[in-house]
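Asker: Okay, so here is my_file24.cif, and as you'll see once you scroll down, it has mmCIF, C-alpha atoms.
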data_my_file
#
loop_
_atom_site.label_atom_id
_atom_site.label_comp_id
_atom_site.auth_asym_id
_atom_site.auth_seq_id
_atom_site.Cartn_x
_atom_site.Cartn_y
_atom_site.Cartn_z
CA MET H 14 26.22 -29.65 -0.61
CA ASP H 15 23.07 -27.88 -1.78
CA ASN H 16 20.95 -29.85 -4.26
CA SER H 17 20.82 -26.84 -6.60
CA VAL H 18 24.51 -27.31 -7.40
CA LYS H 19 24.85 -31.06 -6.72
CA GLN H 20 22.73 -32.00 -9.72
CA TYR H 21 25.10 -30.14 -12.05
CA ILE H 22 28.21 -31.65 -10.50
CA ASP H 23 26.67 -35.10 -10.88
CA LEU H 24 25.62 -34.33 -14.44
CA TYR H 25 29.12 -33.22 -15.36
CA SER H 26 30.67 -36.28 -13.70
CA GLN H 27 28.39 -38.56 -15.73
CA HIS H 28 28.82 -36.75 -19.06
CA ALA H 29 32.27 -35.16 -18.92
CA GLU H 30 33.25 -36.90 -22.15
CA LYS H 31 30.41 -35.19 -24.04
CA LEU H 32 31.10 -31.80 -22.52
CA ASN H 33 34.84 -31.73 -23.07
CA THR H 34 35.83 -30.11 -26.36
CA ARG H 35 39.44 -31.40 -26.64
CA ILE H 36 40.51 -27.74 -26.52
CA SER H 37 42.76 -27.43 -23.48
CA ALA H 38 42.13 -23.70 -22.93
CA MET H 39 38.41 -24.43 -22.69
CA ASP H 40 38.52 -27.75 -20.85
CA GLU H 41 41.18 -27.01 -18.22
CA PRO H 42 39.13 -24.26 -16.52
CA ARG H 43 36.37 -26.84 -15.99
CA VAL H 44 38.57 -28.55 -13.39
CA THR H 45 38.89 -25.31 -11.43
CA ALA H 46 35.18 -24.59 -11.84
CA LEU H 47 34.25 -28.05 -10.57
CA GLU H 48 36.37 -27.64 -7.45
CA TYR H 49 34.94 -24.21 -6.74
CA LEU H 50 31.36 -25.49 -7.02
CA ARG H 51 32.12 -28.42 -4.73
CA HIS H 52 33.49 -26.17 -2.00
CA HIS H 53 31.50 -22.94 -2.40
CA GLY H 54 28.39 -23.75 -4.42
CA LEU H 55 26.15 -21.08 -5.91
CA PRO H 56 25.40 -17.60 -4.51
CA SER H 57 23.09 -17.92 -1.53
CA PHE H 58 19.79 -16.08 -1.24
CA LYS H 59 21.03 -15.02 2.21
CA SER H 60 24.18 -13.34 0.84
CA GLU H 61 24.24 -9.54 0.68
CA ASP H 62 24.40 -9.33 -3.11
CA TYR H 63 21.53 -11.79 -3.77
CA GLN H 64 18.98 -10.79 -1.15
CA ARG H 65 16.28 -10.06 -3.73
CA THR H 66 16.85 -12.81 -6.31
CA ASP H 67 17.02 -16.48 -5.32
CA VAL H 68 19.24 -17.96 -8.03
CA CYS H 69 19.62 -21.24 -6.12
CA ALA H 70 15.87 -21.86 -6.25
CA LEU H 71 15.88 -21.06 -9.96
CA LEU H 72 18.78 -23.39 -10.70
CA ALA H 73 17.34 -26.15 -8.51
CA LYS H 74 14.61 -26.83 -11.08
CA ASP H 75 14.90 -29.88 -13.29
CA TRP H 76 15.99 -28.13 -16.48
CA GLY H 77 16.67 -29.93 -19.71
CA ILE H 78 20.22 -29.48 -21.05
CA ASN H 79 21.14 -30.17 -24.66
CA LEU H 80 24.24 -32.28 -23.94
CA ASN H 81 23.99 -34.12 -27.26
CA ARG H 82 23.94 -30.86 -29.26
CA LEU H 83 20.68 -31.63 -31.03
CA GLN H 84 19.92 -29.01 -33.66
CA PHE H 85 16.48 -27.44 -33.37
CA ALA H 86 14.51 -26.81 -36.55
CA MET H 87 14.30 -23.12 -37.48
CA ARG H 88 12.36 -23.28 -40.76
CA ASP H 89 9.47 -21.28 -39.33
CA VAL H 90 11.73 -18.46 -38.11
CA CYS H 91 12.72 -15.76 -40.55
CA GLY H 92 13.60 -12.12 -40.61
CA PHE H 93 15.05 -11.90 -37.09
CA SER H 94 17.73 -9.47 -38.20
CA CYS H 95 17.14 -5.90 -37.06
CA ASP H 96 18.23 -4.88 -40.57
CA LEU H 97 19.79 -1.68 -39.33
CA PRO H 98 21.21 0.60 -42.01
CA ASP H 99 24.84 -0.13 -41.12
CA THR H 100 25.03 -3.77 -39.95
CA ALA H 101 27.22 -4.68 -42.91
CA CYS H 102 29.64 -6.54 -40.63
CA GLY H 103 27.08 -9.32 -40.41
CA VAL H 104 24.22 -10.77 -38.43
CA HIS H 105 25.05 -13.86 -36.38
CA ALA H 106 22.76 -16.22 -34.52
CA MET H 107 22.86 -18.50 -31.51
CA VAL H 108 20.02 -20.92 -30.85
CA ASN H 109 19.96 -21.70 -27.13
CA ASP H 110 23.72 -22.05 -26.52
CA ALA H 111 24.87 -23.21 -29.96
CA TYR H 112 26.29 -20.96 -32.65
CA ARG H 113 24.34 -21.44 -35.89
CA PRO H 114 26.37 -20.54 -39.01
CA ASP H 115 23.37 -21.49 -41.19
CA LEU H 116 21.39 -18.52 -39.88
CA GLY H 117 21.99 -14.84 -40.49
CA HIS H 118 24.62 -13.54 -42.90
CA HIS H 119 28.34 -13.29 -42.24
CA ASP H 120 30.41 -10.82 -44.22
CA GLU H 121 34.19 -10.92 -44.43
CA LEU H 122 35.72 -8.83 -41.66
CA PRO H 123 38.82 -6.72 -42.32
CA ASN H 124 42.44 -7.47 -41.44
CA GLY H 125 42.09 -10.66 -39.44
CA ALA H 126 39.06 -9.71 -37.36
CA PHE H 127 36.73 -12.56 -36.39
CA ALA H 128 33.07 -12.89 -35.45
CA GLY H 129 31.57 -16.34 -35.02
CA SER H 130 31.70 -19.62 -33.13
CA LEU H 131 33.75 -19.77 -29.94
CA LEU H 132 34.86 -23.30 -30.79
CA GLU H 133 35.96 -22.29 -34.28
CA PHE H 134 37.96 -19.36 -32.92
CA ALA H 135 39.59 -21.55 -30.27
CA ARG H 136 40.77 -23.93 -32.98
CA LYS H 137 41.88 -21.26 -35.46
CA ARG H 138 43.51 -18.86 -32.96
CA PRO H 139 44.45 -21.06 -29.99
CA GLU H 140 47.10 -18.72 -28.53
CA ILE H 141 44.81 -15.68 -28.52
CA PHE H 142 41.92 -17.72 -27.16
CA ALA H 143 44.04 -19.18 -24.34
CA ARG H 144 45.19 -15.68 -23.28
CA HIS H 145 41.64 -14.47 -22.71
CA TYR H 146 39.13 -17.27 -22.12
CA SER H 147 38.25 -17.68 -18.42
CA ARG H 148 40.76 -14.97 -17.48
CA ILE H 149 38.62 -11.88 -16.94
CA ALA H 150 35.79 -14.02 -15.56
CA PRO H 151 37.77 -16.62 -13.59
CA SER H 152 35.99 -19.79 -12.60
CA ASP H 153 37.28 -19.83 -9.01
CA GLN H 154 35.57 -16.69 -7.68
CA ASP H 155 31.88 -16.85 -8.62
CA GLY H 156 29.54 -19.85 -8.61
CA LEU H 157 27.52 -18.64 -11.60
CA VAL H 158 30.64 -18.17 -13.73
CA ALA H 159 31.94 -21.53 -12.51
CA LEU H 160 28.75 -23.31 -13.52
CA ASN H 161 28.78 -21.70 -16.96
CA THR H 162 32.47 -22.58 -17.42
CA LEU H 163 31.80 -26.18 -16.36
CA MET H 164 28.94 -26.71 -18.81
CA ALA H 165 29.64 -24.42 -21.79
CA GLN H 166 30.08 -26.22 -25.12
CA ASP H 167 30.09 -23.34 -27.59
CA GLY H 168 29.54 -19.60 -27.72
CA PHE H 169 30.37 -16.47 -29.67
CA VAL H 170 33.63 -14.56 -30.16
CA LEU H 171 34.26 -11.06 -31.46
CA TYR H 172 37.97 -10.47 -32.01
CA VAL H 173 39.34 -7.19 -33.40
CA PRO H 174 43.14 -7.03 -33.94
CA THR H 175 45.43 -4.10 -33.21
CA ARG H 176 44.35 -0.80 -34.81
CA VAL H 177 41.57 -2.46 -36.81
CA GLN H 178 38.32 -0.51 -36.82
CA LEU H 179 35.16 -2.32 -37.82
CA PRO H 180 33.20 0.08 -40.04
CA HIS H 181 29.78 -1.29 -39.05
CA PRO H 182 28.24 -2.99 -36.00
CA VAL H 183 28.16 -6.74 -35.48
CA GLN H 184 24.75 -8.10 -34.51
CA LEU H 185 24.24 -11.27 -32.48
CA VAL H 186 20.67 -12.62 -32.32
CA GLN H 187 20.13 -15.08 -29.45
CA LEU H 188 17.08 -17.29 -29.79
CA LEU H 189 15.56 -19.71 -27.30
CA ARG H 190 13.81 -22.70 -28.85
CA SER H 191 12.72 -26.04 -27.42
CA THR H 192 9.78 -28.39 -26.96
CA GLU H 193 10.64 -28.95 -23.27
CA PRO H 194 11.87 -26.67 -20.47
CA LEU H 195 15.50 -25.90 -21.29
CA MET H 196 18.58 -24.30 -19.75
CA ALA H 197 21.14 -22.70 -22.08
CA PHE H 198 24.77 -22.00 -21.12
CA ARG H 199 25.81 -19.02 -23.22
CA ARG H 200 29.39 -17.77 -23.45
CA ILE H 201 30.43 -14.58 -25.25
CA LEU H 202 34.06 -13.49 -25.52
CA VAL H 203 35.07 -10.06 -26.85
CA ILE H 204 38.74 -9.25 -27.46
CA MET H 205 39.60 -5.68 -28.49
CA GLU H 206 43.31 -5.26 -29.10
CA GLU H 207 45.23 -1.96 -28.93
CA GLY H 208 43.72 0.93 -30.84
CA SER H 209 40.85 -1.17 -32.23
CA SER H 210 37.22 -0.14 -32.47
CA ALA H 211 33.90 -2.03 -32.74
CA LYS H 212 30.20 -1.85 -31.94
CA MET H 213 28.01 -4.82 -31.10
CA LEU H 214 24.27 -5.33 -30.78
CA VAL H 215 22.97 -8.39 -28.91
CA CYS H 216 19.25 -9.22 -29.05
CA GLU H 217 17.56 -11.98 -27.06
CA HIS H 218 14.21 -13.51 -28.02
CA THR H 219 12.09 -16.49 -26.96
CA LEU H 220 10.34 -18.46 -29.71
CA ASP H 221 8.34 -21.09 -27.81
CA ASN H 222 5.71 -20.94 -25.08
CA ILE H 223 7.61 -22.91 -22.44
CA GLU H 224 10.05 -22.23 -19.59
CA PHE H 225 13.66 -21.30 -20.39
CA LEU H 226 16.68 -20.35 -18.34
CA SER H 227 19.65 -18.60 -19.91
CA LEU H 228 22.86 -18.64 -17.87
CA GLN H 229 25.18 -16.27 -19.69
CA VAL H 230 28.75 -15.01 -19.23
CA PHE H 231 30.36 -12.13 -21.12
CA GLU H 232 34.14 -11.69 -21.01
CA ILE H 233 35.29 -8.40 -22.50
CA HIS H 234 38.94 -7.35 -22.81
CA VAL H 235 39.53 -3.80 -24.09
CA ALA H 236 43.21 -3.00 -24.61
CA ALA H 237 44.93 0.39 -24.58
CA GLY H 238 43.35 2.99 -26.83
CA ALA H 239 40.55 0.67 -27.93
CA GLN H 240 36.87 1.60 -28.11
CA PHE H 241 33.97 -0.80 -27.72
CA GLU H 242 30.22 -0.36 -27.55
CA LEU H 243 27.71 -3.04 -26.55
CA ILE H 244 23.93 -2.76 -26.64
CA ASP H 245 22.38 -5.82 -24.98
CA MET H 246 18.59 -6.02 -25.43
CA GLU H 247 16.42 -8.63 -23.77
CA GLU H 248 12.97 -9.00 -25.31
CA SER H 249 12.10 -12.52 -24.27
CA SER H 250 8.95 -13.88 -22.60
CA THR H 251 7.31 -14.02 -19.20
CA GLN H 252 8.38 -17.68 -18.92
CA THR H 253 12.04 -16.91 -19.58
CA ALA H 254 14.60 -16.46 -16.81
CA ARG H 255 18.00 -14.97 -17.48
CA ILE H 256 21.12 -14.75 -15.32
CA SER H 257 23.86 -12.79 -17.08
CA SER H 258 27.31 -11.96 -15.73
CA LEU H 259 29.37 -9.44 -17.69
CA HIS H 260 33.06 -9.09 -16.81
CA LEU H 261 34.99 -6.18 -18.33
CA GLU H 262 38.64 -5.20 -18.09
CA GLN H 263 39.86 -1.88 -19.53
CA LYS H 264 43.39 -0.69 -20.22
CA ALA H 265 44.83 2.82 -20.70
CA ASP H 266 42.94 5.39 -22.80
CA SER H 267 40.21 2.91 -23.68
CA HIS H 268 36.54 3.78 -23.72
CA VAL H 269 33.60 1.42 -23.34
CA THR H 270 29.86 2.00 -23.61
CA LEU H 271 27.52 -0.65 -22.20
CA ASN H 272 23.74 -0.41 -22.32
CA GLY H 273 21.53 -3.22 -21.00
CA LEU H 274 17.85 -2.99 -21.93
CA THR H 275 15.30 -5.32 -20.30
CA ILE H 276 12.21 -4.63 -22.38
CA ASN H 277 10.29 -7.86 -21.78
CA ASN H 278 11.18 -10.81 -19.55
CA GLY H 279 10.14 -13.17 -16.81
CA LEU H 280 12.95 -13.05 -14.24
CA THR H 281 16.25 -11.31 -14.95
CA ARG H 282 19.44 -10.91 -12.95
CA ASN H 283 22.21 -8.93 -14.69
CA ASN H 284 25.66 -8.64 -13.11
CA TYR H 285 28.18 -6.07 -14.36
CA TYR H 286 31.75 -6.40 -13.07
CA CYS H 287 33.93 -3.67 -14.57
CA ARG H 288 37.56 -2.90 -13.77
CA MET H 289 39.84 -0.13 -15.04
CA THR H 290 43.47 -1.12 -14.51
CA GLU H 291 45.38 1.60 -16.39
CA PRO H 292 45.01 5.42 -16.48
CA HIS H 293 42.59 7.46 -18.59
CA ALA H 294 40.03 4.72 -19.18
CA GLY H 295 36.39 5.71 -19.50
CA LEU H 296 33.18 3.76 -19.00
CA THR H 297 29.57 4.68 -19.74
CA LEU H 298 27.16 2.15 -18.25
CA GLY H 299 23.42 2.39 -18.80
CA GLY H 300 20.42 0.23 -18.06
CA LEU H 301 16.67 0.31 -18.66
CA ALA H 302 14.06 -2.00 -17.14
CA ILE H 303 10.36 -2.09 -18.04
CA GLY H 304 8.28 -4.28 -15.73
CA THR H 305 4.62 -5.30 -15.86
CA ASP H 306 2.55 -8.13 -14.37
CA SER H 307 4.87 -9.98 -11.94
CA GLN H 308 8.10 -9.55 -13.84
CA HIS H 309 11.34 -9.39 -11.85
CA ILE H 310 14.37 -7.30 -12.95
CA ASP H 311 17.54 -7.19 -10.81
CA ASN H 312 20.65 -5.26 -11.92
CA TYR H 313 23.89 -5.45 -9.93
CA THR H 314 26.94 -3.35 -10.82
CA TRP H 315 30.45 -3.43 -9.38
CA ILE H 316 32.89 -0.92 -10.89
CA GLU H 317 36.47 -0.77 -9.69
CA HIS H 318 38.76 2.18 -10.33
CA ALA H 319 42.12 0.52 -9.71
CA THR H 320 44.28 3.33 -11.09
CA THR H 321 44.39 7.09 -11.61
CA ASP H 322 42.53 9.42 -13.98
CA CYS H 323 39.62 7.18 -14.96
CA GLN H 324 35.97 8.11 -15.38
CA THR H 325 32.62 6.34 -14.98
CA ASN H 326 29.13 7.55 -15.83
CA GLU H 327 26.40 5.14 -14.72
CA LEU H 328 22.64 5.54 -15.21
CA PHE H 329 19.90 2.96 -14.59
CA LYS H 330 16.18 3.63 -14.97
CA TYR H 331 13.15 1.45 -14.15
CA VAL H 332 9.51 1.82 -15.15
CA LEU H 333 7.37 -0.58 -13.09
CA THR H 334 3.64 -1.25 -12.97
CA ASP H 335 1.20 -3.95 -11.82
CA LYS H 336 3.07 -6.24 -9.37
CA SER H 337 6.46 -6.05 -11.04
CA TYR H 338 9.60 -6.08 -8.93
CA GLY H 339 12.75 -4.06 -9.53
CA VAL H 340 16.16 -4.22 -7.87
CA PHE H 341 19.24 -2.06 -8.36
CA SER H 342 22.45 -2.49 -6.38
CA GLY H 343 25.39 -0.44 -7.61
CA ARG H 344 28.84 -0.18 -6.09
CA ILE H 345 31.72 2.02 -7.22
CA LEU H 346 35.06 1.19 -5.62
CA VAL H 347 37.92 3.71 -5.79
CA ASP H 348 41.14 2.01 -4.74
CA ARG H 349 43.99 3.62 -2.83
CA GLY H 350 46.11 5.59 -5.26
CA ALA H 351 43.28 5.96 -7.79
CA GLN H 352 43.53 9.75 -7.65
CA LYS H 353 41.74 12.05 -10.15
CA THR H 354 38.88 9.57 -10.39
CA ALA H 355 35.54 10.92 -11.65
CA ALA H 356 32.66 8.53 -10.98
CA TYR H 357 28.97 9.30 -11.14
CA GLN H 358 26.12 6.89 -10.44
CA SER H 359 22.39 7.52 -10.76
CA ASN H 360 19.33 5.30 -10.35
CA ARG H 361 15.90 6.75 -11.18
CA ASN H 362 12.68 4.77 -10.88
CA LEU H 363 9.10 5.36 -11.95
CA LEU H 364 6.32 3.40 -10.21
CA LEU H 365 2.99 3.37 -12.05
CA SER H 366 1.01 1.25 -9.58
CA ASP H 367 0.69 0.87 -5.82
CA ASP H 368 1.74 -2.80 -5.99
CA ALA H 369 4.97 -2.33 -7.95
CA LYS H 370 8.10 -2.57 -5.76
CA MET H 371 11.57 -1.12 -6.19
CA TYR H 372 14.64 -1.78 -4.04
CA SER H 373 17.70 0.39 -4.64
CA LYS H 374 21.14 0.44 -3.01
CA PRO H 375 23.66 2.82 -4.63
CA GLN H 376 27.08 2.69 -2.98
CA LEU H 377 30.43 4.48 -3.09
CA GLU H 378 33.56 3.03 -1.47
CA ILE H 379 36.42 5.51 -1.75
CA TYR H 380 40.03 5.10 -0.56
CA ALA H 381 41.55 8.06 -2.44
CA ASP H 382 41.21 11.72 -1.51
CA ASP H 383 41.49 13.60 -4.84
CA VAL H 384 38.31 12.38 -6.54
CA LYS H 385 34.98 13.60 -7.86
CA CYS H 386 32.29 11.04 -7.05
CA SER H 387 28.55 11.13 -6.55
CA HIS H 388 25.63 8.77 -6.37
CA GLY H 389 21.91 9.26 -6.14
CA MET H 390 18.55 7.52 -6.29
CA THR H 391 14.99 8.73 -6.82
CA THR H 392 11.81 6.66 -6.80
CA GLY H 393 8.42 8.18 -7.44
CA GLN H 394 5.33 8.45 -9.58
CA LEU H 395 4.48 10.52 -12.63
CA ASP H 396 4.33 14.25 -12.16
CA ASP H 397 0.71 15.29 -11.55
CA ASP H 398 1.28 18.70 -13.14
CA ALA H 399 2.61 17.11 -16.33
CA LEU H 400 -0.37 14.73 -16.48
CA PHE H 401 -2.77 17.63 -15.90
CA TYR H 402 -1.06 19.69 -18.61
CA LEU H 403 -1.47 16.93 -21.22
CA GLN H 404 -5.06 16.17 -20.22
CA GLN H 405 -5.96 19.84 -20.47
CA ARG H 406 -4.91 19.64 -24.10
CA GLY H 407 -7.33 16.84 -24.85
CA ILE H 408 -5.00 13.88 -24.38
CA PRO H 409 -6.67 10.97 -22.52
CA ARG H 410 -5.11 10.05 -19.18
CA ASP H 411 -3.87 6.59 -20.30
CA GLU H 412 -2.27 8.12 -23.40
CA ALA H 413 -0.67 10.84 -21.28
CA ILE H 414 0.81 8.21 -18.94
CA THR H 415 2.24 6.35 -21.95
CA MET H 416 3.76 9.53 -23.39
CA LEU H 417 5.41 10.50 -20.10
CA SER H 418 6.71 6.95 -19.54
CA ILE H 419 8.30 6.92 -22.98
CA ALA H 420 9.88 10.31 -22.32
CA PHE H 421 11.29 8.99 -19.02
CA THR H 422 13.22 6.25 -20.89
CA GLU H 423 14.71 8.59 -23.49
CA GLU H 424 17.92 9.38 -21.60
CA VAL H 425 18.94 5.72 -21.43
CA VAL H 426 17.87 4.93 -25.00
CA ARG H 427 20.28 7.63 -26.20
CA ILE H 428 23.27 5.80 -24.69
CA GLY H 429 25.12 4.33 -27.66
CA HIS H 430 25.94 5.33 -31.21
CA ILE H 431 24.63 2.61 -33.52
CA GLU H 432 22.95 4.32 -36.43
CA GLY H 433 19.23 3.66 -36.67
CA LEU H 434 19.03 1.74 -33.39
CA LYS H 435 17.64 4.59 -31.28
CA GLU H 436 14.63 4.94 -33.58
CA ARG H 437 14.07 1.16 -33.57
CA LEU H 438 14.27 1.02 -29.78
CA GLU H 439 11.82 3.89 -29.43
CA ARG H 440 9.27 1.99 -31.52
CA ILE H 441 9.77 -1.22 -29.52
CA ILE H 442 9.46 0.60 -26.18
CA GLU H 443 6.36 2.47 -27.31
CA ALA H 444 4.75 -0.83 -28.38
CA ARG H 445 5.69 -2.30 -24.99
CA PHE H 446 4.01 0.51 -23.07
CA ARG H 447 0.92 0.20 -25.25
CA GLY H 448 0.65 -3.52 -24.46
CA GLU H 449 1.21 -4.75 -28.01
CA LYS H 450 2.04 -8.47 -28.14
CA LEU H 451 4.69 -8.58 -30.84
CA HIS H 452 8.45 -8.57 -30.84
CA CYS H 453 10.27 -5.90 -32.79
CA SER H 454 8.84 -5.89 -36.29
CA ARG H 455 11.69 -7.77 -37.95
CA CYS H 456 11.49 -10.81 -35.67
CA GLY H 457 7.96 -11.93 -36.45
CA ALA H 458 7.48 -13.98 -33.30
CA SER H 459 4.77 -13.63 -30.69
CA LYS H 460 5.44 -12.90 -27.05
CA PHE H 461 3.98 -15.18 -24.39
#
Let me see the structure of the file written as structure tokens.
Answerer:
Amino acid sequence: MDNSVKQYIDLYSQHAEKLNTRISAMDEPRVTALEYLRHHGLPSFKSEDYQRTDVCALLAKDWGINLNRLQFAMRDVCGFSCDLPDTACGVHAMVNDAYRPDLGHHDELPNGAFAGSLLEFARKRPEIFARHYSRIAPSDQDGLVALNTLMAQDGFVLYVPTRVQLPHPVQLVQLLRSTEPLMAFRRILVIMEEGSSAKMLVCEHTLDNIEFLSLQVFEIHVAAGAQFELIDMEESSTQTARISSLHLEQKADSHVTLNGLTINNGLTRNNYYCRMTEPHAGLTLGGLAIGTDSQHIDNYTWIEHATTDCQTNELFKYVLTDKSYGVFSGRILVDRGAQKTAAYQSNRNLLLSDDAKMYSKPQLEIYADDVKCSHGMTTGQLDDDALFYLQQRGIPRDEAITMLSIAFTEEVVRIGHIEGLKERLERIIEARFRGEKLHCSRCGASKF
């Protein structure tokens, strides 16, 4: 057994009593997760899907884990809400991997909807929780999900009942805080019942100048006729590593928009596993990565069309400079019988230095004959004619590069429909390209 996983198995064996929540739907999957880790371990650096990101080496470090649920002081942190014009459904906060009801503001949601602590939801709505937790992201198929399931103690739930439409977005602010290197096990569960509708903004920030690792799992169930939008923005620090696995299941006539934005980071691996199981489902999946220095951004997507008449539009863009390192691996699978599928995948990359590296592997795997599918990838530098045009009009070369880089990101920034967010993102991205050392203006915390 590899030491990178053995230390967590030993830790769980020694502290199972602290980790268990006395909620059967949360504790029973730990048994399955433990067995999977014992027999299969974590994804190997030699495996096809992890050839560019060594998660075993990352997890082999001696990370601190907050088993005793110590509460970190947050008196010096204020104003981390994006304060968008229509976030009246509330701003929620997680510090490391603990939901913090004392932070943010939580307005009453309509008609039985819920946004808040995973543990609280499991106790208040045990039947609904048991139907969905560890179902879309099972703990016996993926070592990263298994490890998260084994160690998770809390998390966040958004639940929207049948035909309920949330009038405003829900915001979840995820903060990393510690005095010692720390690993956080984050779990987010989204349940959209039939005909429901909701939008969600997730922001991730690092508050302290030390090493962090966030191991995160999203489980998202979108029932027939439901609509869900998620904007997931990472604006952490160069000492922060993040491994996030998002698992999505869509039913008939549902539509989902996902947009993952890596604006500042250290090392990031994002997995997107999306499956459409009933006809006429639609998915829009976007991603943006901005890399400088030696930052590492790896996005992996796996989209399965398991039935007829479904559509996917996928677009990932990278802007890399210095010695930053980008990876995109995207696979669209069209199963037998999934006729009338329309699936489009595009990866476009902009390299602003000779030392920046980009590895891209778009893939289509098609077993049906009546489909419209395409995939493409371009990697290059800024257009010399465009640079010349701007410089001829008195714009300095560095400013022209910044302007063209911002314009390159625009197509991804437009993915999503949260009022006021596009303008906020444009300001954050512009500050990032200009090398400014502050988080988005409402957060008030320095980057490291």
Asker: Which residues, written as an NGL selection string, have at least one atom at most 7 Å from region 379-385 of chain H, with only C-alpha atoms counted and residues fewer than 5 positions away on the same chain left out?
Answerer: :H and (346-356)
Asker: Can you tell me which residues surround Ile256 (chain H) at a distance of at most 6 Å, considering only C-alpha atoms, apart from same-chain residues fewer than 6 positions away, and format the answer as a list in words?
Answerer: Leu228, Thr281, Arg282 and Asn283 of chain H
Asker: Write a file of the selected residues as a PDB file, keeping the file's coordinate frame, keeping C-alpha atoms.
Answerer:
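File written: out_39.pdb
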ATOM      1  CA  LEU H 228      22.860 -18.640 -17.870  1.00  0.00           C
ATOM      2  CA  THR H 281      16.250 -11.310 -14.950  1.00  0.00           C
ATOM      3  CA  ARG H 282      19.440 -10.910 -12.950  1.00  0.00           C
ATOM      4  CA  ASN H 283      22.210  -8.930 -14.690  1.00  0.00           C
TER       5      ASN H 283
END
Asker: As a check of understanding, name the residues that the PyMOL selection byres ((chain H and resi 258-261) around 10) selects in the supplied structure, as a compact mmCIF listing (two decimals) with C-alpha atoms, in the frame of the given file.
Answerer:
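Saved to part_21.txt:
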# COMPACT_ATOMS: atom_id res chain seq x y z
CA ARG H 148 40.76 -14.97 -17.48
CA ILE H 149 38.62 -11.88 -16.94
CA ALA H 150 35.79 -14.02 -15.56
CA PRO H 151 37.77 -16.62 -13.59
CA ASP H 155 31.88 -16.85 -8.62
CA LEU H 157 27.52 -18.64 -11.60
CA VAL H 158 30.64 -18.17 -13.73
CA ASN H 161 28.78 -21.70 -16.96
CA ARG H 200 29.39 -17.77 -23.45
CA ILE H 201 30.43 -14.58 -25.25
CA LEU H 202 34.06 -13.49 -25.52
CA VAL H 203 35.07 -10.06 -26.85
CA LEU H 228 22.86 -18.64 -17.87
CA GLN H 229 25.18 -16.27 -19.69
CA VAL H 230 28.75 -15.01 -19.23
CA PHE H 231 30.36 -12.13 -21.12
CA GLU H 232 34.14 -11.69 -21.01
CA ILE H 233 35.29 -8.40 -22.50
CA HIS H 234 38.94 -7.35 -22.81
CA VAL H 235 39.53 -3.80 -24.09
CA ARG H 255 18.00 -14.97 -17.48
CA ILE H 256 21.12 -14.75 -15.32
CA SER H 257 23.86 -12.79 -17.08
CA GLU H 262 38.64 -5.20 -18.09
CA GLN H 263 39.86 -1.88 -19.53
CA VAL H 269 33.60 1.42 -23.34
CA ARG H 282 19.44 -10.91 -12.95
CA ASN H 283 22.21 -8.93 -14.69
CA ASN H 284 25.66 -8.64 -13.11
CA TYR H 285 28.18 -6.07 -14.36
CA TYR H 286 31.75 -6.40 -13.07
CA CYS H 287 33.93 -3.67 -14.57
CA ARG H 288 37.56 -2.90 -13.77
CA MET H 289 39.84 -0.13 -15.04
CA TYR H 313 23.89 -5.45 -9.93
CA THR H 314 26.94 -3.35 -10.82
CA TRP H 315 30.45 -3.43 -9.38
CA ILE H 316 32.89 -0.92 -10.89
Asker: Selection in question (the file shown): the PyMOL selection byres ((chain H and resi 128) around 9). Which residues does it include, as a VMD selection string?
Answerer: chain H and resid 102 to 103 105 119 122 126 to 127 129 to 131 134 169 to 173 183
Asker: Would you list the residues near (23.2, -31.8, -14.6) (no more than 12 Å away, in the coordinates of the file, using all atoms listed in the file) as a PyMOL selection string?
Answerer: chain H and resi 16-29+32+72-80+160-161+163-164+195-198
Asker: Would you compute the distance between CA of Ser147 (chain H) and CA of Pro42 (chain H)? Give it in Å to one decimal.
Answerer: 6.9 Å
Asker: Please write the residues picked by the PyMOL selection byres ((chain H and resi 47-52) around 7) on this file as a ChimeraX atom specification.
Answerer: /H:43-46,53-55,153,156,159,163
Asker: Find the residues near Leu243 (chain H): any atom within 12 Å, counting all atoms listed in the file, skip ones fewer than 3 places away on the same chain, and give them as a PyMOL selection string.
Answerer: chain H and resi 171+182-185+201+203+210-216+231+233+240+246+259+261+268-274+296-300+428-431
Asker: Would you pick out the contacts of region 387-393 of chain H at 6 Å or less, using all atoms listed in the file, so that residues sharing its chain but fewer than 6 positions from it are not included, and give the list as JSON, numbers by chain?
Answerer: {"H": [357, 358, 359, 360, 361, 362, 363, 364]}
Asker: Hey, can you check how far CA of Met107 (chain H) sits from CA of Arg190 (chain H)?
Answerer: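 That distance, rounded to one decimal, is 10.3 Å.
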Asker: For a test of reading the model, state the distance in Å between CA of Pro409 (chain H) and CA of Ile310 (chain H), rounded to one decimal.
Answerer: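 According to the coordinates, CA of Pro409 (chain H) and CA of Ile310 (chain H) are separated by 29.5 Å.
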Asker: Which one of H:Val177, H:Leu71, H:Val425, H:Leu301 sits closest to Phe58 (chain H) if you count only C-alpha atoms?
Answerer: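 Checking each of H:Val177, H:Leu71, H:Val425, H:Leu301 against Phe58 (chain H), counting only C-alpha atoms, the winner is H:Leu71.
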